[in-house]
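Below is one structure, written out as structure tokens; the observations come after it.
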Amino acid sequence: MSAGWVAGATRARAMAAARAGPRAARELAAAPSLSEALRVLANTVYRRGLDPTAGPAQAQRAVAGALLWQLRVLAGWQPRPGAAVLRLLASGFEIANTRDRLRSLSGAPQPPPHRLGALATAWPRLSRATSPTGVRAVLAASEWGDPGSAAPAALLTGMRLSAAARTAAQVPVAARWAAGEAALVLAREVHLTGHRLTGTAQRDAVRLLGTAAVRAPAFTEFRARLPASARWALEGAEEPMDLWRAEARWWPSVERDAVSMLARAGFDMSPVVGAAAVLGADVWRVRAALECAAHDGRALEAFDELLG
């Protein structure tokens, strides 16, 4: 045990305890309007950067930005290995920035990128890429690896599978989550949208899910061939059109594991990983609640079903 881990784990538990939680999210979802939900949200940890007149997409982005800020603060309290773990767990923000960069290169206006600070892996260089081919070149020269194609879908799928594979290898307590996420990514990209894995995406998928599952020609065979470490993520998804339900269940399952991590005694990586996960799950729930409020509460039943 080091002083750095003690400080980092203590801070992680405190930040996790301050999250909004399911009850507050349900209150947001039941709000009669989005503006009323934002008024309630202004009294939570998500008030940072929140515009009370924002539309749904802008409000949801502000909530995500608040999570990124929390993770950056938390990383500052960690010893070097803890900061590296949080950089991996925050990979989704760099992927989102890259997605927006690719869209802007095609002429579509995009919001300002998330400010990653020390949680960036290759973003400063990715932000300067002037074409999808340039994005691929930056990825290939970084920890992300070469996705094997400059097609936007292949670039983003490659990043998602790279993040999952590196998380499984470097953060053992999160390996189950990473395998489940990889199964969902592959199910959507290959068996729903019909894309083909290329480059390191193929390699990373095999590492996480096994050759038999990755080469499965149909969704039912894919599900059957998945290792137990990943099969849980597709429970109840009998066909590709059911994937949205499976994707929605991924976060609650991760959150249950993470809460258990936080409850254990000790000062090491586990409470830091657990805190990052419960904060991420909280943001997922709050964003869903805001979407519900934007529909004047008409989607409340769907919200309740989403949360199980």
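Chain lettering (A, B, ...) mirrors the order of the structure tokens, residue numbering begins at 1 for each chain separately, and ligand numbering begins at 1 in order of display.
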Who sits within 12 Å of A:Pro147, only C-alpha atoms, same chain under 5 positions skipped, as a tab-separated table (two decimals) with N, CA and C atoms, in the first residue's frame:
```tsv
chain	number	residue	atom	x	y	z
A	132	PRO	N	-9.82	11.28	-43.17
A	132	PRO	CA	-9.90	9.97	-42.52
A	132	PRO	C	-8.61	9.17	-42.64
A	133	THR	N	-7.91	9.32	-43.77
A	133	THR	CA	-6.63	8.64	-43.93
A	133	THR	C	-5.62	9.14	-42.90
A	135	VAL	N	-6.44	10.37	-39.95
A	135	VAL	CA	-6.87	9.82	-38.66
A	135	VAL	C	-6.33	8.41	-38.51
A	136	ARG	N	-6.43	7.61	-39.57
A	136	ARG	CA	-5.92	6.24	-39.50
A	136	ARG	C	-4.43	6.22	-39.22
A	137	ALA	N	-3.68	7.12	-39.88
A	137	ALA	CA	-2.24	7.16	-39.69
A	137	ALA	C	-1.88	7.49	-38.24
A	138	VAL	N	-2.61	8.43	-37.64
A	138	VAL	CA	-2.34	8.78	-36.24
A	138	VAL	C	-2.64	7.59	-35.33
A	139	LEU	N	-3.76	6.93	-35.56
A	139	LEU	CA	-4.11	5.77	-34.74
A	139	LEU	C	-3.06	4.67	-34.86
A	140	ALA	N	-2.61	4.44	-36.08
A	140	ALA	CA	-1.64	3.37	-36.32
A	140	ALA	C	-0.32	3.62	-35.59
A	141	ALA	N	0.01	4.88	-35.39
A	141	ALA	CA	1.26	5.23	-34.72
A	141	ALA	C	1.11	5.39	-33.21
A	142	SER	N	-0.05	5.02	-32.69
A	142	SER	CA	-0.34	5.20	-31.27
A	142	SER	C	-0.73	3.89	-30.62
A	152	PRO	N	-14.82	5.64	-41.86
A	152	PRO	CA	-15.15	6.11	-40.51
A	152	PRO	C	-15.67	5.02	-39.58
A	153	ALA	N	-16.55	4.15	-40.07
A	153	ALA	CA	-17.08	3.07	-39.21
A	153	ALA	C	-15.97	2.16	-38.74
A	154	ALA	N	-15.03	1.83	-39.63
A	154	ALA	CA	-13.92	0.95	-39.25
A	154	ALA	C	-12.98	1.63	-38.27
A	155	LEU	N	-12.75	2.93	-38.44
A	155	LEU	CA	-11.90	3.66	-37.52
A	155	LEU	C	-12.47	3.63	-36.10
A	156	LEU	N	-13.76	3.89	-35.99
A	156	LEU	CA	-14.38	3.96	-34.66
A	156	LEU	C	-14.53	2.57	-34.03
A	157	THR	N	-14.88	1.58	-34.83
A	157	THR	CA	-14.97	0.22	-34.31
A	157	THR	C	-13.60	-0.26	-33.85
A	158	GLY	N	-12.57	0.06	-34.63
A	158	GLY	CA	-11.22	-0.31	-34.23
A	158	GLY	C	-10.83	0.32	-32.91
A	159	MET	N	-11.20	1.58	-32.71
A	159	MET	CA	-10.88	2.24	-31.45
A	159	MET	C	-11.61	1.59	-30.28
A	160	ARG	N	-12.88	1.27	-30.47
A	160	ARG	CA	-13.67	0.68	-29.38
A	160	ARG	C	-13.12	-0.68	-28.98
A	161	LEU	N	-12.77	-1.49	-29.97
A	161	LEU	CA	-12.23	-2.82	-29.65
A	161	LEU	C	-10.82	-2.72	-29.09
A	162	SER	N	-10.05	-1.74	-29.54
A	162	SER	CA	-8.71	-1.53	-28.97
A	162	SER	C	-8.81	-1.16	-27.51
A	196	ARG	N	-17.48	-5.25	-41.77
A	196	ARG	CA	-16.46	-6.30	-41.62
A	196	ARG	C	-15.32	-5.76	-40.77
A	197	LEU	N	-14.82	-6.59	-39.86
A	197	LEU	CA	-13.69	-6.17	-39.03
A	197	LEU	C	-12.41	-6.16	-39.85
A	198	THR	N	-11.57	-5.17	-39.60
A	198	THR	CA	-10.31	-5.06	-40.32
A	198	THR	C	-9.18	-4.76	-39.33
A	199	GLY	N	-7.95	-4.96	-39.76
A	199	GLY	CA	-6.77	-4.57	-38.99
A	199	GLY	C	-6.76	-5.10	-37.57
A	200	THR	N	-6.36	-4.22	-36.65
A	200	THR	CA	-6.24	-4.64	-35.26
A	200	THR	C	-7.60	-4.91	-34.62
A	201	ALA	N	-8.67	-4.41	-35.23
A	201	ALA	CA	-10.00	-4.70	-34.69
A	201	ALA	C	-10.27	-6.20	-34.71
A	202	GLN	N	-9.88	-6.85	-35.79
A	202	GLN	CA	-10.04	-8.31	-35.90
A	202	GLN	C	-9.21	-9.00	-34.83
A	203	ARG	N	-7.97	-8.58	-34.69
A	203	ARG	CA	-7.07	-9.18	-33.70
A	203	ARG	C	-7.60	-8.99	-32.28
A	204	ASP	N	-8.04	-7.78	-31.96
A	204	ASP	CA	-8.53	-7.50	-30.62
A	204	ASP	C	-9.81	-8.27	-30.32
A	205	ALA	N	-10.67	-8.39	-31.32
A	205	ALA	CA	-11.91	-9.16	-31.13
A	205	ALA	C	-11.61	-10.61	-30.83
```
Can you tell me, as a ChimeraX atom specification, what residues are no more than 12 Å from stretch 34-37 of chain A when counting only C-alpha atoms, ignoring any on the same chain fewer than 4 positions away? /A:24-30,41-44,46-47,50-60,286-298
Output file for the selection above: N, CA and C atoms, as a JSON list (two decimals), in the first residue's frame:
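And here is the file that came out, part_7.json:
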```
[["chain", "number", "residue", "atom", "x", "y", "z"],
["A", 24, "ALA", "N", -32.65, 10.14, -7.85],
["A", 24, "ALA", "CA", -32.59, 11.47, -8.47],
["A", 24, "ALA", "C", -32.84, 11.38, -9.97],
["A", 25, "ALA", "N", -32.32, 10.34, -10.60],
["A", 25, "ALA", "CA", -32.54, 10.17, -12.04],
["A", 25, "ALA", "C", -34.01, 9.94, -12.33],
["A", 26, "ARG", "N", -34.68, 9.16, -11.48],
["A", 26, "ARG", "CA", -36.12, 8.93, -11.66],
["A", 26, "ARG", "C", -36.90, 10.23, -11.52],
["A", 27, "GLU", "N", -36.47, 11.09, -10.59],
["A", 27, "GLU", "CA", -37.11, 12.39, -10.42],
["A", 27, "GLU", "C", -36.93, 13.25, -11.67],
["A", 28, "LEU", "N", -35.74, 13.20, -12.25],
["A", 28, "LEU", "CA", -35.50, 13.94, -13.49],
["A", 28, "LEU", "C", -36.39, 13.42, -14.61],
["A", 29, "ALA", "N", -36.46, 12.10, -14.73],
["A", 29, "ALA", "CA", -37.25, 11.50, -15.81],
["A", 29, "ALA", "C", -38.72, 11.84, -15.68],
["A", 30, "ALA", "N", -39.21, 11.99, -14.45],
["A", 30, "ALA", "CA", -40.63, 12.28, -14.21],
["A", 30, "ALA", "C", -40.95, 13.77, -14.29],
["A", 41, "LEU", "N", -31.50, 19.36, -11.96],
["A", 41, "LEU", "CA", -30.14, 18.90, -12.20],
["A", 41, "LEU", "C", -29.11, 19.92, -11.73],
["A", 42, "ALA", "N", -29.49, 21.18, -11.72],
["A", 42, "ALA", "CA", -28.57, 22.24, -11.30],
["A", 42, "ALA", "C", -28.17, 22.13, -9.83],
["A", 43, "ASN", "N", -28.88, 21.30, -9.07],
["A", 43, "ASN", "CA", -28.55, 21.09, -7.65],
["A", 43, "ASN", "C", -27.73, 19.82, -7.43],
["A", 44, "THR", "N", -27.18, 19.27, -8.51],
["A", 44, "THR", "CA", -26.40, 18.04, -8.41],
["A", 44, "THR", "C", -24.96, 18.29, -8.87],
["A", 46, "TYR", "N", -23.81, 17.67, -11.53],
["A", 46, "TYR", "CA", -23.80, 17.94, -12.97],
["A", 46, "TYR", "C", -24.07, 19.40, -13.30],
["A", 47, "ARG", "N", -24.02, 20.25, -12.32],
["A", 47, "ARG", "CA", -24.30, 21.67, -12.59],
["A", 47, "ARG", "C", -23.18, 22.35, -13.37],
["A", 50, "LEU", "N", -23.66, 23.59, -17.08],
["A", 50, "LEU", "CA", -25.03, 23.31, -17.47],
["A", 50, "LEU", "C", -25.77, 24.60, -17.81],
["A", 51, "ASP", "N", -26.38, 24.64, -18.97],
["A", 51, "ASP", "CA", -27.19, 25.78, -19.41],
["A", 51, "ASP", "C", -28.66, 25.45, -19.14],
["A", 52, "PRO", "N", -29.35, 26.22, -18.28],
["A", 52, "PRO", "CA", -30.75, 25.89, -17.96],
["A", 52, "PRO", "C", -31.70, 26.02, -19.14],
["A", 53, "THR", "N", -31.24, 26.63, -20.23],
["A", 53, "THR", "CA", -32.08, 26.75, -21.43],
["A", 53, "THR", "C", -31.68, 25.76, -22.51],
["A", 54, "ALA", "N", -30.82, 24.82, -22.18],
["A", 54, "ALA", "CA", -30.28, 23.89, -23.18],
["A", 54, "ALA", "C", -31.35, 22.95, -23.72],
["A", 55, "GLY", "N", -31.12, 22.49, -24.94],
["A", 55, "GLY", "CA", -31.94, 21.43, -25.50],
["A", 55, "GLY", "C", -31.42, 20.08, -25.03],
["A", 56, "PRO", "N", -32.09, 18.99, -25.38],
["A", 56, "PRO", "CA", -31.70, 17.67, -24.87],
["A", 56, "PRO", "C", -30.26, 17.28, -25.20],
["A", 57, "ALA", "N", -29.85, 17.45, -26.46],
["A", 57, "ALA", "CA", -28.51, 17.03, -26.85],
["A", 57, "ALA", "C", -27.45, 17.86, -26.13],
["A", 58, "GLN", "N", -27.67, 19.15, -26.03],
["A", 58, "GLN", "CA", -26.70, 20.02, -25.36],
["A", 58, "GLN", "C", -26.62, 19.68, -23.87],
["A", 59, "ALA", "N", -27.77, 19.43, -23.25],
["A", 59, "ALA", "CA", -27.78, 19.09, -21.82],
["A", 59, "ALA", "C", -27.09, 17.76, -21.58],
["A", 60, "GLN", "N", -27.34, 16.78, -22.45],
["A", 60, "GLN", "CA", -26.69, 15.48, -22.28],
["A", 60, "GLN", "C", -25.18, 15.59, -22.46],
["A", 286, "VAL", "N", -28.62, 9.45, -15.99],
["A", 286, "VAL", "CA", -29.08, 10.84, -16.02],
["A", 286, "VAL", "C", -29.37, 11.29, -17.45],
["A", 287, "ARG", "N", -28.52, 10.89, -18.38],
["A", 287, "ARG", "CA", -28.75, 11.25, -19.77],
["A", 287, "ARG", "C", -30.05, 10.64, -20.28],
["A", 288, "ALA", "N", -30.32, 9.39, -19.90],
["A", 288, "ALA", "CA", -31.58, 8.76, -20.28],
["A", 288, "ALA", "C", -32.77, 9.50, -19.66],
["A", 289, "ALA", "N", -32.60, 9.94, -18.41],
["A", 289, "ALA", "CA", -33.66, 10.68, -17.73],
["A", 289, "ALA", "C", -33.95, 12.00, -18.43],
["A", 290, "LEU", "N", -32.92, 12.69, -18.89],
["A", 290, "LEU", "CA", -33.12, 13.95, -19.60],
["A", 290, "LEU", "C", -33.86, 13.73, -20.92],
["A", 291, "GLU", "N", -33.52, 12.64, -21.59],
["A", 291, "GLU", "CA", -34.24, 12.31, -22.82],
["A", 291, "GLU", "C", -35.72, 12.09, -22.54],
["A", 292, "CYS", "N", -35.99, 11.42, -21.43],
["A", 292, "CYS", "CA", -37.38, 11.18, -21.03],
["A", 292, "CYS", "C", -38.09, 12.50, -20.71],
["A", 293, "ALA", "N", -37.43, 13.37, -19.95],
["A", 293, "ALA", "CA", -38.03, 14.66, -19.60],
["A", 293, "ALA", "C", -38.29, 15.51, -20.84],
["A", 294, "ALA", "N", -37.42, 15.38, -21.84],
["A", 294, "ALA", "CA", -37.59, 16.15, -23.08],
["A", 294, "ALA", "C", -38.87, 15.74, -23.81],
["A", 295, "HIS", "N", -39.38, 14.56, -23.49],
["A", 295, "HIS", "CA", -40.65, 14.10, -24.08],
["A", 295, "HIS", "C", -41.81, 14.32, -23.11],
["A", 296, "ASP", "N", -41.61, 15.27, -22.18],
["A", 296, "ASP", "CA", -42.66, 15.65, -21.23],
["A", 296, "ASP", "C", -43.17, 14.47, -20.41],
["A", 297, "GLY", "N", -42.27, 13.55, -20.07],
["A", 297, "GLY", "CA", -42.63, 12.43, -19.21],
["A", 297, "GLY", "C", -43.33, 11.30, -19.92],
["A", 298, "ARG", "N", -43.57, 11.43, -21.22],
["A", 298, "ARG", "CA", -44.32, 10.38, -21.93],
["A", 298, "ARG", "C", -43.51, 9.10, -22.07]]
```
Going by DSSP on the backbone, which residues of stretch 59-270 of chain A come out as helix (DSSP H, G or I)? List them as a count of residues only. 154
Applying 7 Å and only C-alpha atoms, which residues near stretch 92-98 of chain A remain after dropping the ones on its own chain fewer than 3 positions away? List them as a short mmCIF file (atom, residue, chain, number, x, y, z; two decimals) with C-alpha atoms, in the first residue's frame.
```
data_model
loop_
_atom_site.label_atom_id
_atom_site.label_comp_id
_atom_site.auth_asym_id
_atom_site.auth_seq_id
_atom_site.Cartn_x
_atom_site.Cartn_y
_atom_site.Cartn_z
CA ARG A 101 -13.72 15.08 -36.00
CA LEU A 102 -14.59 12.65 -38.77
CA PRO A 113 -14.30 18.60 -28.55
CA HIS A 114 -14.21 17.30 -25.02
CA ALA A 120 -5.81 11.93 -23.79
CA TRP A 123 -6.19 13.28 -29.29
CA LEU A 126 -6.04 13.27 -34.04
CA LEU A 156 -14.38 3.96 -34.66
CA MET A 159 -10.88 2.24 -31.45
#
```
With only C-alpha atoms counted and 12 Å as the cut-off, give the residues of stretch 153-197 of chain A in contact with stretch 218-234 of chain A, each with its shortest interatomic distance in Å and the pair that gives it, as CSV.
```
residue,atom,partner,partner_atom,distance
A:Ala164,CA,A:Ala230,CA,11.6
A:Ala168,CA,A:Ser229,CA,10.8
A:Ala174,CA,A:Ser229,CA,10.9
A:Ala175,CA,A:Ser229,CA,8.2
A:Arg176,CA,A:Ser229,CA,5.5
A:Trp177,CA,A:Ala230,CA,7.9
A:Ala178,CA,A:Ala230,CA,8.2
A:Ala179,CA,A:Ala230,CA,4.8
A:Gly180,CA,A:Ala230,CA,4.3
A:Glu181,CA,A:Ala233,CA,7.3
A:Ala182,CA,A:Ala230,CA,7.7
A:Ala183,CA,A:Ala230,CA,6.1
A:Leu184,CA,A:Ala233,CA,7.0
A:Val185,CA,A:Ala233,CA,10.6
A:Leu186,CA,A:Phe222,CA,9.4
A:Ala187,CA,A:Phe219,CA,7.2
A:Arg188,CA,A:Phe219,CA,9.8
A:Glu189,CA,A:Phe219,CA,11.3
A:Val190,CA,A:Phe219,CA,8.8
A:His191,CA,A:Phe219,CA,5.9
A:Leu192,CA,A:Phe219,CA,8.6
A:Thr193,CA,A:Phe219,CA,11.8
A:Gly194,CA,A:Ala218,CA,10.8
```
Hey, what's within 12 Å of A:Gly107 if we count only C-alpha atoms and toss same-chain stuff fewer than 6 positions away? As a PyMOL selection string, please? chain A and resi 100-101+130-131
From A:Trp284, A:Gln70, A:Pro217, A:Thr167, residue lying nearest A:Ala14 [only C-alpha atoms]: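 Ranked by minimum distance to A:Ala14, first place goes to A:Gln70.
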When you look at A:Asp282 with a cut-off of 9 Å (counting only C-alpha atoms), what residues show up, excluding the ones that are within fewer than 6 positions of it in the same chain? I need them as JSON, numbers by chain. {"A": [19, 20, 21, 22, 25, 255]}
A:Arg87 surroundings by only C-alpha atoms, 9 Å radius, close-in-sequence under 3 positions cut, as a PyMOL selection string: chain A and resi 71-72+75+82-84+90-91+118-121
Writer output for current selection, N, CA and C atoms, as a PDB file, in the first residue's frame:
```pdb
ATOM      1  N   LEU A  71     -13.445  12.687 -13.775  1.00  0.00           N
ATOM      2  CA  LEU A  71     -12.388  11.706 -14.019  1.00  0.00           C
ATOM      3  C   LEU A  71     -11.015  12.378 -14.084  1.00  0.00           C
ATOM      4  N   ARG A  72     -10.970  13.571 -14.648  1.00  0.00           N
ATOM      5  CA  ARG A  72      -9.696  14.297 -14.682  1.00  0.00           C
ATOM      6  C   ARG A  72      -9.242  14.666 -13.264  1.00  0.00           C
ATOM      7  N   ALA A  75      -8.090  11.501 -11.561  1.00  0.00           N
ATOM      8  CA  ALA A  75      -6.778  11.078 -12.049  1.00  0.00           C
ATOM      9  C   ALA A  75      -5.658  11.861 -11.376  1.00  0.00           C
ATOM     10  N   GLY A  82      -2.618   4.449 -11.358  1.00  0.00           N
ATOM     11  CA  GLY A  82      -4.028   4.778 -11.261  1.00  0.00           C
ATOM     12  C   GLY A  82      -4.464   5.747 -12.340  1.00  0.00           C
ATOM     13  N   ALA A  83      -3.621   6.728 -12.649  1.00  0.00           N
ATOM     14  CA  ALA A  83      -3.934   7.677 -13.718  1.00  0.00           C
ATOM     15  C   ALA A  83      -4.008   6.963 -15.063  1.00  0.00           C
ATOM     16  N   ALA A  84      -3.119   5.979 -15.273  1.00  0.00           N
ATOM     17  CA  ALA A  84      -3.137   5.216 -16.526  1.00  0.00           C
ATOM     18  C   ALA A  84      -4.423   4.402 -16.657  1.00  0.00           C
ATOM     19  N   ALA A  90     -11.535   6.180 -19.559  1.00  0.00           N
ATOM     20  CA  ALA A  90     -12.118   7.380 -20.175  1.00  0.00           C
ATOM     21  C   ALA A  90     -11.961   7.373 -21.692  1.00  0.00           C
ATOM     22  N   SER A  91     -11.568   6.235 -22.275  1.00  0.00           N
ATOM     23  CA  SER A  91     -11.312   6.168 -23.717  1.00  0.00           C
ATOM     24  C   SER A  91     -12.514   6.597 -24.551  1.00  0.00           C
ATOM     25  N   ALA A 118      -4.893  15.336 -19.340  1.00  0.00           N
ATOM     26  CA  ALA A 118      -3.977  14.206 -19.164  1.00  0.00           C
ATOM     27  C   ALA A 118      -4.620  12.861 -19.481  1.00  0.00           C
ATOM     28  N   LEU A 119      -5.928  12.839 -19.739  1.00  0.00           N
ATOM     29  CA  LEU A 119      -6.603  11.585 -20.082  1.00  0.00           C
ATOM     30  C   LEU A 119      -6.557  11.289 -21.584  1.00  0.00           C
ATOM     31  N   ALA A 120      -5.928  12.157 -22.353  1.00  0.00           N
ATOM     32  CA  ALA A 120      -5.807  11.932 -23.794  1.00  0.00           C
ATOM     33  C   ALA A 120      -4.774  10.853 -24.084  1.00  0.00           C
ATOM     34  N   THR A 121      -5.023  10.076 -25.120  1.00  0.00           N
ATOM     35  CA  THR A 121      -4.062   9.096 -25.611  1.00  0.00           C
ATOM     36  C   THR A 121      -3.381   9.619 -26.874  1.00  0.00           C
TER      37      THR A 121
END
```
Shell around A:Ala265 at 12 Å using only C-alpha atoms, local window under 4 positions removed, as a PyMOL selection string: chain A and resi 6+9-10+13+260-261+269-271
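Using only C-alpha atoms, the nearest neighbour of A:Leu262 within the list A:Val45, A:Val85, A:Ala16, A:Leu300 is A:Ala16.
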Which residue is closest to A:Ser2? Choose from A:Arg103, A:Arg125, A:Arg80, A:Arg256 and count only C-alpha atoms.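 Once distances to A:Ser2 are computed over only C-alpha atoms, the minimum belongs to A:Arg80.
Here atom CA of A:Pro79 is placed at a distance of 17.7 Å from atom CA of A:Val173.
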Which distance in Å separates atom CA of A:Ala129 and atom CA of A:Leu68, to one decimal?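 Computed distance, atom CA of A:Ala129 to atom CA of A:Leu68, equals 23.1 Å.
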